[in-house]
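As stored in data06.txt (compact mmCIF, C-alpha atoms and all ligand atoms):
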# COMPACT_ATOMS: atom_id res chain seq x y z
CA MET A 1432 -27.61 -68.84 2.00
CA ARG A 1433 -25.84 -65.95 3.64
CA THR A 1434 -22.17 -64.94 3.74
CA PRO A 1435 -20.20 -61.83 4.67
CA VAL A 1436 -18.37 -61.91 1.31
CA GLY A 1437 -19.84 -63.42 -1.86
CA ILE A 1438 -17.17 -64.04 -4.49
CA VAL A 1439 -18.01 -64.54 -8.18
CA GLY A 1440 -15.32 -66.60 -9.95
CA ALA A 1441 -12.78 -69.19 -8.80
CA GLY A 1442 -9.76 -67.93 -10.74
CA PRO A 1443 -6.58 -66.65 -9.10
CA ALA A 1444 -8.34 -63.50 -7.84
CA GLY A 1445 -11.40 -65.18 -6.30
CA LEU A 1446 -9.57 -68.10 -4.74
CA MET A 1447 -6.74 -66.00 -3.32
CA LEU A 1448 -9.22 -63.49 -1.90
CA SER A 1449 -11.20 -66.26 -0.22
CA HIS A 1450 -7.96 -67.74 1.15
CA LEU A 1451 -6.68 -64.40 2.51
CA LEU A 1452 -10.05 -63.61 4.10
CA HIS A 1453 -10.14 -67.02 5.75
CA ARG A 1454 -6.72 -66.38 7.27
CA GLN A 1455 -8.20 -63.27 8.87
CA GLY A 1456 -11.17 -65.24 10.18
CA ILE A 1457 -13.66 -64.02 7.55
CA ASP A 1458 -15.96 -66.47 5.80
CA SER A 1459 -16.81 -66.30 2.09
CA VAL A 1460 -18.64 -68.30 -0.57
CA ILE A 1461 -17.34 -68.63 -4.15
CA VAL A 1462 -19.77 -69.10 -7.03
CA GLU A 1463 -18.10 -70.40 -10.21
CA THR A 1464 -19.60 -71.41 -13.55
CA ARG A 1465 -16.99 -73.98 -14.52
CA THR A 1466 -16.27 -77.37 -12.98
CA ARG A 1467 -13.25 -77.96 -10.80
CA ASP A 1468 -11.77 -80.28 -13.45
CA ALA A 1469 -12.13 -77.65 -16.17
CA ILE A 1470 -10.48 -74.96 -14.03
CA GLU A 1471 -7.58 -77.21 -13.11
CA ALA A 1472 -6.98 -78.15 -16.75
CA THR A 1473 -6.99 -74.68 -18.36
CA ILE A 1474 -3.54 -73.63 -19.57
CA ARG A 1475 -2.81 -69.93 -19.08
CA ALA A 1476 -0.08 -68.01 -17.27
CA GLY A 1477 3.33 -69.33 -16.38
CA VAL A 1478 5.37 -66.62 -14.65
CA LEU A 1479 4.90 -65.61 -11.01
CA GLU A 1480 6.43 -62.45 -9.62
CA GLN A 1481 8.40 -62.82 -6.44
CA GLY A 1482 5.69 -60.97 -4.51
CA THR A 1483 3.12 -63.59 -5.59
CA VAL A 1484 5.46 -66.43 -4.62
CA ASP A 1485 6.29 -64.85 -1.25
CA LEU A 1486 2.57 -64.38 -0.52
CA MET A 1487 1.77 -68.00 -1.36
CA VAL A 1488 4.58 -69.25 0.85
CA ALA A 1489 3.76 -66.90 3.73
CA THR A 1490 0.07 -67.92 3.71
CA GLY A 1491 0.67 -71.66 3.63
CA VAL A 1492 -0.13 -72.48 -0.03
CA GLY A 1493 3.43 -72.41 -1.39
CA GLU A 1494 4.77 -75.79 -0.41
CA ARG A 1495 4.46 -77.46 -3.85
CA LEU A 1496 5.41 -74.21 -5.58
CA GLN A 1497 8.69 -74.15 -3.65
CA ARG A 1498 9.32 -77.79 -4.53
CA GLU A 1499 8.24 -77.81 -8.18
CA GLY A 1500 8.50 -74.18 -9.39
CA PHE A 1501 11.54 -73.06 -11.37
CA PRO A 1502 13.23 -69.85 -10.18
CA HIS A 1503 14.44 -67.78 -13.15
CA HIS A 1504 17.14 -65.23 -12.41
CA GLY A 1505 17.26 -63.81 -15.92
CA PHE A 1506 15.80 -64.07 -19.41
CA GLU A 1507 17.09 -63.65 -22.92
CA LEU A 1508 16.13 -60.74 -25.16
CA ARG A 1509 16.81 -62.02 -28.65
CA VAL A 1510 16.92 -59.33 -31.27
CA ASP A 1511 17.30 -60.24 -34.95
CA GLY A 1512 18.94 -63.54 -34.04
CA VAL A 1513 21.38 -62.24 -31.41
CA GLY A 1514 20.77 -63.14 -27.78
CA HIS A 1515 21.34 -60.73 -24.85
CA ARG A 1516 20.83 -61.79 -21.25
CA ILE A 1517 18.71 -59.60 -18.97
CA ASP A 1518 20.17 -60.36 -15.54
CA LEU A 1519 17.08 -59.96 -13.36
CA HIS A 1520 18.96 -60.89 -10.21
CA GLY A 1521 21.85 -58.50 -10.75
CA LEU A 1522 19.75 -55.62 -12.07
CA THR A 1523 17.14 -55.72 -9.28
CA GLY A 1524 19.26 -56.38 -6.22
CA GLY A 1525 18.52 -60.09 -5.99
CA ARG A 1526 14.90 -60.42 -7.14
CA HIS A 1527 13.69 -63.07 -9.59
CA VAL A 1528 10.55 -64.67 -11.03
CA THR A 1529 9.31 -68.27 -10.80
CA VAL A 1530 7.89 -70.39 -13.59
CA TYR A 1531 4.94 -72.30 -12.10
CA PRO A 1532 1.79 -72.68 -14.20
CA GLN A 1533 -1.42 -70.90 -13.28
CA HIS A 1534 -3.44 -74.13 -13.15
CA GLU A 1535 -1.01 -75.49 -10.55
CA VAL A 1536 -1.56 -72.33 -8.47
CA LEU A 1537 -5.30 -72.94 -8.80
CA LYS A 1538 -4.99 -76.59 -7.77
CA ASP A 1539 -3.07 -75.54 -4.66
CA LEU A 1540 -5.57 -72.82 -3.75
CA ILE A 1541 -8.65 -75.01 -4.36
CA ALA A 1542 -7.17 -77.86 -2.29
CA ALA A 1543 -6.34 -75.46 0.56
CA ARG A 1544 -9.74 -73.79 0.49
CA LEU A 1545 -11.61 -77.11 0.54
CA ALA A 1546 -9.35 -78.46 3.30
CA ASP A 1547 -10.23 -75.34 5.32
CA GLY A 1548 -13.94 -76.09 4.86
CA ALA A 1549 -14.70 -73.38 2.28
CA ARG A 1550 -17.90 -73.35 0.28
CA ILE A 1551 -17.12 -73.26 -3.44
CA VAL A 1552 -20.08 -73.74 -5.76
CA PHE A 1553 -18.66 -75.20 -8.99
CA GLY A 1554 -20.74 -75.61 -12.13
CA ALA A 1555 -23.20 -72.78 -11.36
CA SER A 1556 -25.23 -71.22 -14.19
CA ASP A 1557 -27.42 -68.12 -14.70
CA VAL A 1558 -25.28 -66.17 -12.22
CA SER A 1559 -26.60 -62.63 -11.64
CA LEU A 1560 -26.00 -59.77 -9.19
CA HIS A 1561 -28.74 -57.76 -7.51
CA ASP A 1562 -28.97 -54.68 -5.32
CA VAL A 1563 -25.19 -54.14 -5.11
CA GLU A 1564 -25.70 -50.66 -3.68
CA ALA A 1565 -27.49 -51.67 -0.47
CA ALA A 1566 -28.13 -55.38 0.12
CA PRO A 1567 -26.20 -57.44 -2.43
CA LYS A 1568 -27.42 -60.82 -3.62
CA ILE A 1569 -25.93 -63.35 -6.00
CA ARG A 1570 -28.58 -65.46 -7.72
CA PHE A 1571 -27.59 -68.63 -9.56
CA THR A 1572 -28.67 -72.11 -10.52
CA ASP A 1573 -26.50 -74.75 -8.86
CA ALA A 1574 -25.05 -77.82 -10.58
CA GLU A 1575 -28.12 -79.84 -9.49
CA GLY A 1576 -30.44 -77.36 -11.20
CA ARG A 1577 -31.76 -75.65 -8.04
CA SER A 1578 -32.24 -71.87 -7.94
CA GLN A 1579 -30.20 -70.30 -5.15
CA VAL A 1580 -29.89 -66.86 -3.60
CA LEU A 1581 -26.75 -65.87 -1.70
CA ASP A 1582 -27.21 -62.81 0.52
CA CYS A 1583 -23.93 -60.97 1.10
CA ASP A 1584 -22.60 -57.97 3.00
CA LEU A 1585 -20.13 -57.40 0.17
CA VAL A 1586 -19.61 -58.89 -3.29
CA ALA A 1587 -16.23 -59.41 -4.96
CA GLY A 1588 -16.46 -59.63 -8.75
CA CYS A 1589 -13.54 -61.91 -9.67
CA ASP A 1590 -15.14 -63.34 -12.80
CA GLY A 1591 -12.51 -62.54 -15.41
CA SER A 1592 -12.64 -60.43 -18.54
CA HIS A 1593 -15.91 -61.95 -19.87
CA GLY A 1594 -17.75 -61.97 -16.55
CA ILE A 1595 -20.94 -60.25 -15.48
CA CYS A 1596 -19.85 -58.25 -12.44
CA ARG A 1597 -18.27 -55.30 -14.22
CA GLN A 1598 -21.63 -54.58 -15.91
CA ALA A 1599 -23.22 -54.14 -12.46
CA ILE A 1600 -21.32 -50.84 -12.18
CA PRO A 1601 -23.75 -48.40 -13.85
CA GLU A 1602 -22.60 -47.07 -17.22
CA SER A 1603 -23.00 -43.54 -15.90
CA VAL A 1604 -20.13 -44.07 -13.43
CA ARG A 1605 -18.04 -46.65 -15.32
CA ARG A 1606 -15.14 -45.51 -17.50
CA GLU A 1607 -13.50 -48.07 -19.77
CA TYR A 1608 -10.09 -47.68 -21.41
CA LEU A 1609 -9.38 -50.13 -24.24
CA ARG A 1610 -6.60 -50.76 -26.74
CA ILE A 1611 -6.85 -53.69 -29.15
CA TYR A 1612 -3.59 -54.80 -30.78
CA PRO A 1613 -3.49 -55.75 -34.47
CA PHE A 1614 -2.04 -59.18 -33.65
CA GLY A 1615 -2.59 -62.17 -31.37
CA TRP A 1616 -0.39 -64.90 -29.94
CA PHE A 1617 -0.38 -68.45 -31.26
CA GLY A 1618 0.41 -70.61 -28.21
CA ILE A 1619 1.53 -74.23 -28.17
CA LEU A 1620 2.45 -76.90 -25.67
CA ALA A 1621 4.96 -79.45 -26.95
CA GLU A 1622 6.54 -82.58 -25.61
CA ALA A 1623 10.16 -81.60 -25.95
CA PRO A 1624 13.19 -80.87 -23.79
CA PRO A 1625 13.91 -77.22 -22.96
CA SER A 1626 15.79 -75.34 -25.69
CA ALA A 1627 17.40 -72.94 -23.22
CA GLU A 1628 17.79 -72.55 -19.47
CA GLU A 1629 15.90 -69.25 -19.36
CA LEU A 1630 12.87 -67.78 -21.17
CA ILE A 1631 13.55 -66.20 -24.54
CA TYR A 1632 11.66 -63.10 -25.72
CA ALA A 1633 12.55 -62.79 -29.41
CA ARG A 1634 12.01 -59.89 -31.83
CA SER A 1635 12.62 -60.64 -35.49
CA GLU A 1636 11.58 -59.26 -38.86
CA ARG A 1637 8.92 -61.99 -38.93
CA GLY A 1638 7.51 -60.87 -35.57
CA PHE A 1639 7.66 -61.76 -31.88
CA ALA A 1640 8.21 -65.21 -30.35
CA LEU A 1641 8.37 -66.36 -26.72
CA ILE A 1642 10.08 -69.57 -25.69
CA SER A 1643 8.90 -70.61 -22.24
CA THR A 1644 8.79 -73.87 -20.35
CA ARG A 1645 6.54 -75.97 -18.16
CA SER A 1646 8.75 -78.89 -17.11
CA PRO A 1647 11.83 -80.79 -18.28
CA THR A 1648 9.59 -82.60 -20.81
CA VAL A 1649 6.91 -80.01 -21.72
CA GLN A 1650 7.60 -76.63 -23.35
CA ARG A 1651 5.32 -73.61 -23.84
CA MET A 1652 5.94 -71.35 -26.85
CA TYR A 1653 4.11 -68.49 -28.50
CA PHE A 1654 4.48 -66.49 -31.69
CA GLN A 1655 2.82 -63.32 -32.89
CA CYS A 1656 0.07 -64.09 -35.42
CA ASP A 1657 -2.93 -62.60 -37.18
CA PRO A 1658 -5.64 -62.46 -34.48
CA ASN A 1659 -8.17 -63.70 -37.05
CA ASP A 1660 -6.04 -66.64 -38.16
CA ARG A 1661 -7.28 -70.18 -37.43
CA VAL A 1662 -5.47 -72.93 -35.59
CA ASP A 1663 -6.33 -75.35 -38.43
CA ASN A 1664 -4.17 -73.33 -40.80
CA TRP A 1665 -1.08 -74.31 -38.81
CA SER A 1666 0.34 -77.81 -39.19
CA ASP A 1667 3.02 -78.86 -36.70
CA ASP A 1668 5.67 -78.48 -39.42
CA ARG A 1669 4.55 -74.97 -40.25
CA ILE A 1670 4.56 -73.98 -36.55
CA TRP A 1671 8.07 -75.29 -35.99
CA SER A 1672 9.49 -73.64 -39.08
CA GLU A 1673 7.91 -70.30 -38.10
CA LEU A 1674 9.23 -70.52 -34.54
CA GLN A 1675 12.69 -71.56 -35.76
CA ALA A 1676 12.78 -68.66 -38.22
CA ARG A 1677 11.99 -66.17 -35.46
CA VAL A 1678 14.77 -67.31 -33.10
CA LYS A 1679 17.51 -68.48 -35.46
CA GLY A 1680 20.98 -66.94 -35.28
CA ASP A 1681 24.06 -67.52 -33.13
CA GLY A 1682 23.84 -71.21 -34.14
CA PHE A 1683 20.75 -71.50 -31.89
CA ALA A 1684 17.83 -73.81 -32.79
CA LEU A 1685 14.76 -74.95 -30.88
CA ARG A 1686 14.44 -78.56 -29.85
CA GLU A 1687 11.23 -79.79 -31.46
CA GLY A 1688 8.68 -82.38 -30.36
CA ALA A 1689 5.05 -83.44 -30.60
CA ILE A 1690 2.65 -80.48 -30.25
CA PHE A 1691 -0.35 -81.44 -28.12
CA GLN A 1692 -2.10 -78.10 -27.59
CA LYS A 1693 -2.63 -75.08 -29.87
CA GLY A 1694 -4.62 -71.89 -29.42
CA ILE A 1695 -4.83 -68.25 -30.52
CA ILE A 1696 -4.97 -65.55 -27.85
CA PRO A 1697 -6.20 -62.01 -28.63
CA MET A 1698 -4.15 -59.11 -27.29
CA ARG A 1699 -5.72 -56.16 -25.55
CA SER A 1700 -5.10 -53.59 -22.86
CA PHE A 1701 -8.18 -52.73 -20.83
CA VAL A 1702 -9.00 -50.93 -17.57
CA CYS A 1703 -12.40 -50.31 -15.96
CA GLU A 1704 -12.61 -47.52 -13.40
CA PRO A 1705 -13.68 -47.27 -10.69
CA MET A 1706 -13.12 -50.85 -9.56
CA GLN A 1707 -16.00 -50.57 -7.09
CA HIS A 1708 -19.60 -49.46 -6.79
CA GLY A 1709 -21.68 -49.54 -3.62
CA ARG A 1710 -20.89 -52.90 -2.01
CA LEU A 1711 -19.40 -54.43 -5.18
CA PHE A 1712 -15.62 -54.61 -5.67
CA ILE A 1713 -14.12 -55.98 -8.88
CA ALA A 1714 -10.64 -57.49 -9.03
CA GLY A 1715 -8.27 -59.13 -11.51
CA ASP A 1716 -9.25 -59.58 -15.16
CA ALA A 1717 -12.81 -58.51 -14.31
CA ALA A 1718 -11.40 -55.00 -13.93
CA HIS A 1719 -8.41 -55.00 -16.29
CA THR A 1720 -6.61 -57.00 -18.95
CA VAL A 1721 -3.01 -56.67 -20.04
CA PRO A 1722 -1.37 -58.12 -23.13
CA PRO A 1723 0.54 -61.20 -21.91
CA THR A 1724 4.01 -60.00 -22.96
CA GLY A 1725 4.97 -58.74 -19.50
CA ALA A 1726 3.43 -61.76 -17.68
CA LYS A 1727 1.52 -59.43 -15.37
CA GLY A 1728 -2.13 -60.59 -15.48
CA LEU A 1729 -2.20 -63.21 -12.74
CA ASN A 1730 0.18 -61.19 -10.57
CA LEU A 1731 -2.01 -58.13 -10.89
CA ALA A 1732 -5.08 -60.16 -9.90
CA VAL A 1733 -3.23 -61.25 -6.75
CA ALA A 1734 -2.10 -57.68 -6.00
CA ASP A 1735 -5.73 -56.43 -6.23
CA VAL A 1736 -7.04 -58.97 -3.75
CA VAL A 1737 -4.23 -58.30 -1.26
CA VAL A 1738 -5.52 -54.71 -1.10
CA LEU A 1739 -9.15 -55.86 -1.03
CA ALA A 1740 -8.70 -58.53 1.66
CA ARG A 1741 -7.08 -56.04 4.01
CA ALA A 1742 -9.75 -53.43 3.34
CA VAL A 1743 -12.58 -55.93 3.92
CA ALA A 1744 -10.99 -57.14 7.17
CA ASP A 1745 -10.70 -53.55 8.40
CA LEU A 1746 -14.37 -53.00 7.64
CA ILE A 1747 -15.76 -56.22 9.07
CA GLN A 1748 -13.52 -56.55 12.12
CA ARG A 1749 -12.75 -52.95 13.04
CA ASN A 1750 -15.68 -51.12 11.46
CA ASP A 1751 -13.09 -49.04 9.60
CA ALA A 1752 -14.35 -48.23 6.08
CA ALA A 1753 -11.34 -46.19 4.94
CA GLY A 1754 -9.73 -49.15 3.12
CA VAL A 1755 -12.81 -50.20 1.18
CA GLU A 1756 -13.58 -46.62 0.26
CA ALA A 1757 -10.05 -46.23 -1.13
CA TYR A 1758 -9.90 -49.71 -2.75
CA SER A 1759 -10.20 -48.63 -6.37
CA ALA A 1760 -7.89 -45.64 -6.00
CA THR A 1761 -5.26 -47.81 -4.28
CA ALA A 1762 -5.44 -50.79 -6.65
CA VAL A 1763 -5.60 -48.79 -9.84
CA ARG A 1764 -2.20 -47.16 -9.33
CA ARG A 1765 -0.47 -50.52 -9.65
CA VAL A 1766 -2.84 -51.47 -12.49
CA TRP A 1767 -1.77 -48.49 -14.59
CA ARG A 1768 1.92 -49.14 -13.87
CA ALA A 1769 1.46 -52.69 -15.12
CA GLN A 1770 -0.57 -51.42 -18.09
CA HIS A 1771 2.23 -49.11 -19.06
CA PHE A 1772 4.87 -51.82 -18.74
CA SER A 1773 2.84 -54.43 -20.65
CA TRP A 1774 2.10 -51.97 -23.45
CA TRP A 1775 5.75 -50.83 -23.59
CA PHE A 1776 7.24 -54.34 -23.70
CA THR A 1777 4.61 -55.39 -26.27
CA ALA A 1778 5.25 -52.34 -28.45
CA MET A 1779 9.00 -52.86 -28.32
CA MET A 1780 8.97 -56.58 -29.19
CA HIS A 1781 6.24 -57.00 -31.83
CA ARG A 1782 6.14 -56.33 -35.52
CA PHE A 1783 3.62 -53.63 -36.43
CA ASP A 1784 2.77 -53.97 -40.12
CA GLU A 1785 1.00 -50.64 -40.34
CA VAL A 1786 3.88 -48.47 -39.11
CA GLY A 1787 6.25 -46.76 -41.51
CA PRO A 1788 10.04 -47.01 -41.71
CA PHE A 1789 10.55 -44.26 -39.14
CA ASP A 1790 8.76 -46.16 -36.40
CA ALA A 1791 10.47 -49.43 -37.33
CA ARG A 1792 13.89 -47.76 -36.90
CA ARG A 1793 12.77 -46.03 -33.69
CA GLN A 1794 11.64 -49.38 -32.29
CA ARG A 1795 15.05 -50.90 -33.02
CA ALA A 1796 16.76 -47.90 -31.36
CA GLU A 1797 14.64 -48.43 -28.26
CA LEU A 1798 15.75 -52.06 -28.07
CA ASP A 1799 19.37 -50.97 -28.57
CA MET A 1800 18.95 -48.65 -25.60
CA ILE A 1801 17.96 -51.62 -23.39
CA LEU A 1802 20.84 -53.70 -24.74
CA GLN A 1803 23.45 -50.99 -24.31
CA SER A 1804 22.41 -49.08 -21.21
CA PRO A 1805 22.33 -50.85 -17.80
CA THR A 1806 20.00 -48.08 -16.62
CA ALA A 1807 17.48 -48.91 -19.34
CA ALA A 1808 17.92 -52.67 -18.75
CA ARG A 1809 17.23 -52.09 -15.04
CA LEU A 1810 13.94 -50.39 -15.89
CA LEU A 1811 12.89 -53.48 -17.84
CA ALA A 1812 14.10 -55.87 -15.13
CA GLU A 1813 12.47 -54.01 -12.23
CA ASN A 1814 9.13 -53.91 -13.97
CA TYR A 1815 9.36 -57.55 -15.04
CA VAL A 1816 10.03 -58.88 -11.52
CA GLY A 1817 7.29 -56.56 -10.26
CA GLN A 1818 6.82 -54.13 -7.41
CA PRO A 1819 6.71 -55.71 -3.95
CA LEU A 1820 3.18 -56.31 -2.67
CA THR A 1821 2.29 -53.73 -0.06
P1 LIG B 1901 -9.79 -65.63 -14.45
O1 LIG B 1901 -8.57 -66.49 -14.32
O2 LIG B 1901 -10.33 -65.40 -15.80
O3 LIG B 1901 -10.90 -66.30 -13.52
C1 LIG B 1901 -12.25 -65.89 -13.58
C2 LIG B 1901 -13.12 -67.06 -13.17
O4 LIG B 1901 -14.48 -66.61 -13.14
C3 LIG B 1901 -13.07 -68.21 -14.15
O5 LIG B 1901 -12.82 -69.44 -13.47
C4 LIG B 1901 -14.44 -68.19 -14.82
O6 LIG B 1901 -14.89 -69.47 -15.19
C5 LIG B 1901 -15.31 -67.58 -13.75
N1 LIG B 1901 -16.50 -66.90 -14.27
C6 LIG B 1901 -16.64 -66.19 -15.42
N2 LIG B 1901 -17.89 -65.71 -15.53
C7 LIG B 1901 -18.54 -66.12 -14.43
C8 LIG B 1901 -19.88 -65.93 -13.97
N3 LIG B 1901 -20.78 -65.24 -14.68
N4 LIG B 1901 -20.24 -66.50 -12.80
C9 LIG B 1901 -19.34 -67.21 -12.06
N5 LIG B 1901 -18.06 -67.42 -12.45
C10 LIG B 1901 -17.68 -66.88 -13.62
N6 LIG B 1901 -0.51 -63.64 -16.28
C11 LIG B 1901 0.65 -63.66 -15.57
O7 LIG B 1901 0.68 -63.06 -14.50
N7 LIG B 1901 1.78 -64.29 -16.01
C12 LIG B 1901 1.80 -64.95 -17.19
O8 LIG B 1901 2.81 -65.56 -17.56
C13 LIG B 1901 0.60 -64.93 -17.99
N8 LIG B 1901 0.54 -65.57 -19.17
C14 LIG B 1901 -0.66 -65.69 -19.81
C15 LIG B 1901 -0.70 -66.44 -20.95
C16 LIG B 1901 -1.91 -66.61 -21.59
C17 LIG B 1901 -1.94 -67.46 -22.81
C18 LIG B 1901 -3.10 -66.00 -21.11
C19 LIG B 1901 -4.42 -66.19 -21.80
C20 LIG B 1901 -3.05 -65.24 -19.97
C21 LIG B 1901 -1.85 -65.08 -19.32
N9 LIG B 1901 -1.77 -64.35 -18.14
C22 LIG B 1901 -0.58 -64.28 -17.47
C23 LIG B 1901 -2.96 -63.68 -17.60
C24 LIG B 1901 -3.67 -64.49 -16.49
O9 LIG B 1901 -3.96 -65.79 -16.94
C25 LIG B 1901 -4.95 -63.76 -16.07
O10 LIG B 1901 -4.67 -62.42 -15.86
C26 LIG B 1901 -5.55 -64.37 -14.78
O11 LIG B 1901 -6.16 -65.61 -15.05
C27 LIG B 1901 -6.59 -63.44 -14.14
O12 LIG B 1901 -7.17 -64.06 -13.02
P2 LIG B 1901 -8.66 -63.73 -12.59
O13 LIG B 1901 -8.92 -64.55 -11.37
O14 LIG B 1901 -8.84 -62.27 -12.51
O15 LIG B 1901 -9.58 -64.20 -13.80
C1 LIG B 1902 4.47 -67.34 -20.24
C2 LIG B 1902 3.51 -66.45 -20.64
C3 LIG B 1902 3.83 -65.12 -20.76
O1 LIG B 1902 2.90 -64.24 -21.15
C4 LIG B 1902 5.11 -64.66 -20.47
O2 LIG B 1902 5.41 -63.35 -20.62
C5 LIG B 1902 6.06 -65.55 -20.04
C6 LIG B 1902 5.74 -66.90 -19.92
C7 LIG B 1902 4.14 -68.77 -20.12
O3 LIG B 1902 2.98 -69.13 -20.40
O4 LIG B 1902 5.02 -69.57 -19.79

Exercise: express the given structure as structure tokens:
Amino acid sequence: MRTPVGIVGAGPAGLMLSHLLHRQGIDSVIVETRTRDAIEATIRAGVLEQGTVDLMVATGVGERLQREGFPHHGFELRVDGVGHRIDLHGLTGGRHVTVYPQHEVLKDLIAARLADGARIVFGASDVSLHDVEAAPKIRFTDAEGRSQVLDCDLVAGCDGSHGICRQAIPESVRREYLRIYPFGWFGILAEAPPSAEELIYARSERGFALISTRSPTVQRMYFQCDPNDRVDNWSDDRIWSELQARVKGDGFALREGAIFQKGIIPMRSFVCEPMQHGRLFIAGDAAHTVPPTGAKGLNLAVADVVVLARAVADLIQRNDAAGVEAYSATAVRRVWRAQHFSWWFTAMMHRFDEVGPFDARRQRAELDMILQSPTAARLLAENYVGQPLT
């Protein structure tokens, strides 16, 4: 098999890249280890920046998103039981975010890619990269057990934080920046009506909680937990009483229901630079991870591949290599902005057991600054809705 662009991974980065390349008349093949059913059933992100929504609509994959997504013009910052609205619309000159789950984005992208005749190899195993400096190849075993070699002009490593592509950048040129947080998020899906019209980011003495939504009948919630805790330690009753304790105040209480999914998510900040080597370009979680507090991960994956798709088109169609040569330098500026924001919002909203009383009071003062100063609130709002895609 031969393709101009071999893509490893059918997550948001890989699928959107393949879709954007197709719209510029460039063919690609995606090699993915999981099955289509598994991909379409994995619960992850929920919040899309306006730039991501606008891109999906403008490139013909936003029809269901426009029909079924929920625009959110603000969110609540709840501090020690008192709610304060962050008016995203007012603070950013009319911008907002949209709640539309990641697996729905993936369903829309996969359906569009297959309708456009794309080759997506689901259920591949033993995926490996070779000769990325001169004549890249992706070797894999297909779902029928046959060994395959895909010869490519370029390879896009879109295989997420546990993928193999990043390791194909030699250690001598690869720099990795990592921060591991001393907590994780316990995430649930529950059959319940929404407890509020907008998302709630809550800081309490007991730690952080996030009240999000999926639909009028399914709610998504998270609370800060010990990253080494086990799901089995948490009965439904214990989960609800912990969540209630973290948001209570103002007479507010969550509307409870049957919990049908539970999981613990580790929290880390990570960047790999450069995001390219030879003819290999890495994008999305393969190159960087953010803690989920700022809801940036999926959006950042999309922003990377917007830069990459344009650069690849310039190279293949106009023989202009300037874009691909500058890919990492261009993409990484936005990555570090999002890293800073995600770290800042995380640091402001979580309970850090190891800090002393000075830092606890300083953290509260920082929140008070957001609550009292429209200038500070605007900084939060502008970062949350995200920079426009260039
Ligand atoms: P992935 O989605 O990880 O996709 C990588 C793909 O590559 C996968 O399908 C994987 O199976 C495949 N793969 C892996 N290894 C190989 C291999 N060797 N060969 C072939 N294929 C391989 N982001 C937001 O923007 N907003 C949010 O609200 C938000 N909330 C989140 C909540 C949670 C609980 C979590 C966990 C994440 C959240 N994120 C959020 C982050 C977001 O989900 C990720 O940043 C996003 O999935 C990154 O997309 P990606 O395509 O780079 O990687
Ligand atoms: C969701 C996840 C986030 O990380 C976030 O900041 C907001 C919403 C969600 O899954 O709905």

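The spacing separating CA of Leu1798 (chain A) from CA of Gly1817 (chain A) amounts to 20.2 Å.
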
- A:Val1528, A:Ile1747, A:Val1737, A:Val1586: which is nearest ligand LIG 1902 (chain B), counting all atoms listed in the file?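 Looking at the shortest contact to ligand LIG 1902 (chain B), the residue is A:Val1528.
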
With 3 Å added on each side, what axis-aligned box encloses every listed atom of ligand LIG 1901 (chain B)? Give the centre and edge lengths in Å to one decimal, as lines of an AutoDock Vina configuration file.
center_x = -9.0
center_y = -65.9
center_z = -17.1
size_x = 29.6
size_y = 13.2
size_z = 17.4

Can you list every residue of chain A that has an atom at most 10 Å from ligand LIG 1902 (chain B), with its nearest atom pair and the distance in Å to one decimal, using all atoms listed in the file, ordered by chain then number, as CSV?
residue,atom,partner,partner_atom,distance
A:Ile1474,CA,B:LIG1902,O3,8.0
A:Arg1475,CA,B:LIG1902,O3,6.0
A:Ala1476,CA,B:LIG1902,O3,4.5
A:Gly1477,CA,B:LIG1902,O4,3.8
A:Val1478,CA,B:LIG1902,C6,5.3
A:Leu1479,CA,B:LIG1902,C6,9.0
A:Phe1506,CA,B:LIG1902,C5,9.9
A:Thr1529,CA,B:LIG1902,C6,9.9
A:Val1530,CA,B:LIG1902,O4,6.9
A:Tyr1531,CA,B:LIG1902,O4,8.2
A:Pro1532,CA,B:LIG1902,O4,7.2
A:Gln1533,CA,B:LIG1902,O3,8.6
A:Trp1616,CA,B:LIG1902,O1,9.4
A:Gly1618,CA,B:LIG1902,O3,8.4
A:Ile1619,CA,B:LIG1902,O3,9.4
A:Leu1620,CA,B:LIG1902,O3,9.4
A:Leu1630,CA,B:LIG1902,C5,7.3
A:Ile1631,CA,B:LIG1902,C5,8.8
A:Tyr1632,CA,B:LIG1902,O2,8.1
A:Leu1641,CA,B:LIG1902,C5,7.1
A:Ile1642,CA,B:LIG1902,C6,7.7
A:Ser1643,CA,B:LIG1902,O4,4.7
A:Thr1644,CA,B:LIG1902,O4,5.7
A:Arg1645,CA,B:LIG1902,O4,6.8
A:Gln1650,CA,B:LIG1902,O4,8.3
A:Arg1651,CA,B:LIG1902,O4,5.7
A:Met1652,CA,B:LIG1902,O4,7.3
A:Tyr1653,CA,B:LIG1902,C2,8.1
A:Val1721,CA,B:LIG1902,O1,9.7
A:Pro1722,CA,B:LIG1902,O1,7.7
A:Pro1723,CA,B:LIG1902,O1,3.9
A:Thr1724,CA,B:LIG1902,O2,4.3
A:Gly1725,CA,B:LIG1902,O2,4.8
A:Ala1726,CA,B:LIG1902,O2,3.9
A:Lys1727,CA,B:LIG1902,O2,7.6
A:Gly1728,CA,B:LIG1902,O1,8.4
A:Leu1729,CA,B:LIG1902,O1,9.9
A:Ser1773,CA,B:LIG1902,O2,9.3
A:Phe1776,CA,B:LIG1902,O2,9.7
A:Thr1777,CA,B:LIG1902,O2,9.8
A:Tyr1815,CA,B:LIG1902,O2,9.0

With region 1508-1511 of chain A as the partner and 6 Å as the cut-off, tabulate the residues of region 1581-1660 of chain A that qualify, each row holding the nearest pair of atoms and their distance in Å to one decimal, using only C-alpha atoms, sorted by chain and rising number, as JSON lines.
{"residue": "A:Tyr1632", "atom": "CA", "partner": "A:Leu1508", "partner_atom": "CA", "distance": 5.1}
{"residue": "A:Ala1633", "atom": "CA", "partner": "A:Arg1509", "partner_atom": "CA", "distance": 4.4}
{"residue": "A:Arg1634", "atom": "CA", "partner": "A:Val1510", "partner_atom": "CA", "distance": 5.0}
{"residue": "A:Ser1635", "atom": "CA", "partner": "A:Asp1511", "partner_atom": "CA", "distance": 4.7}
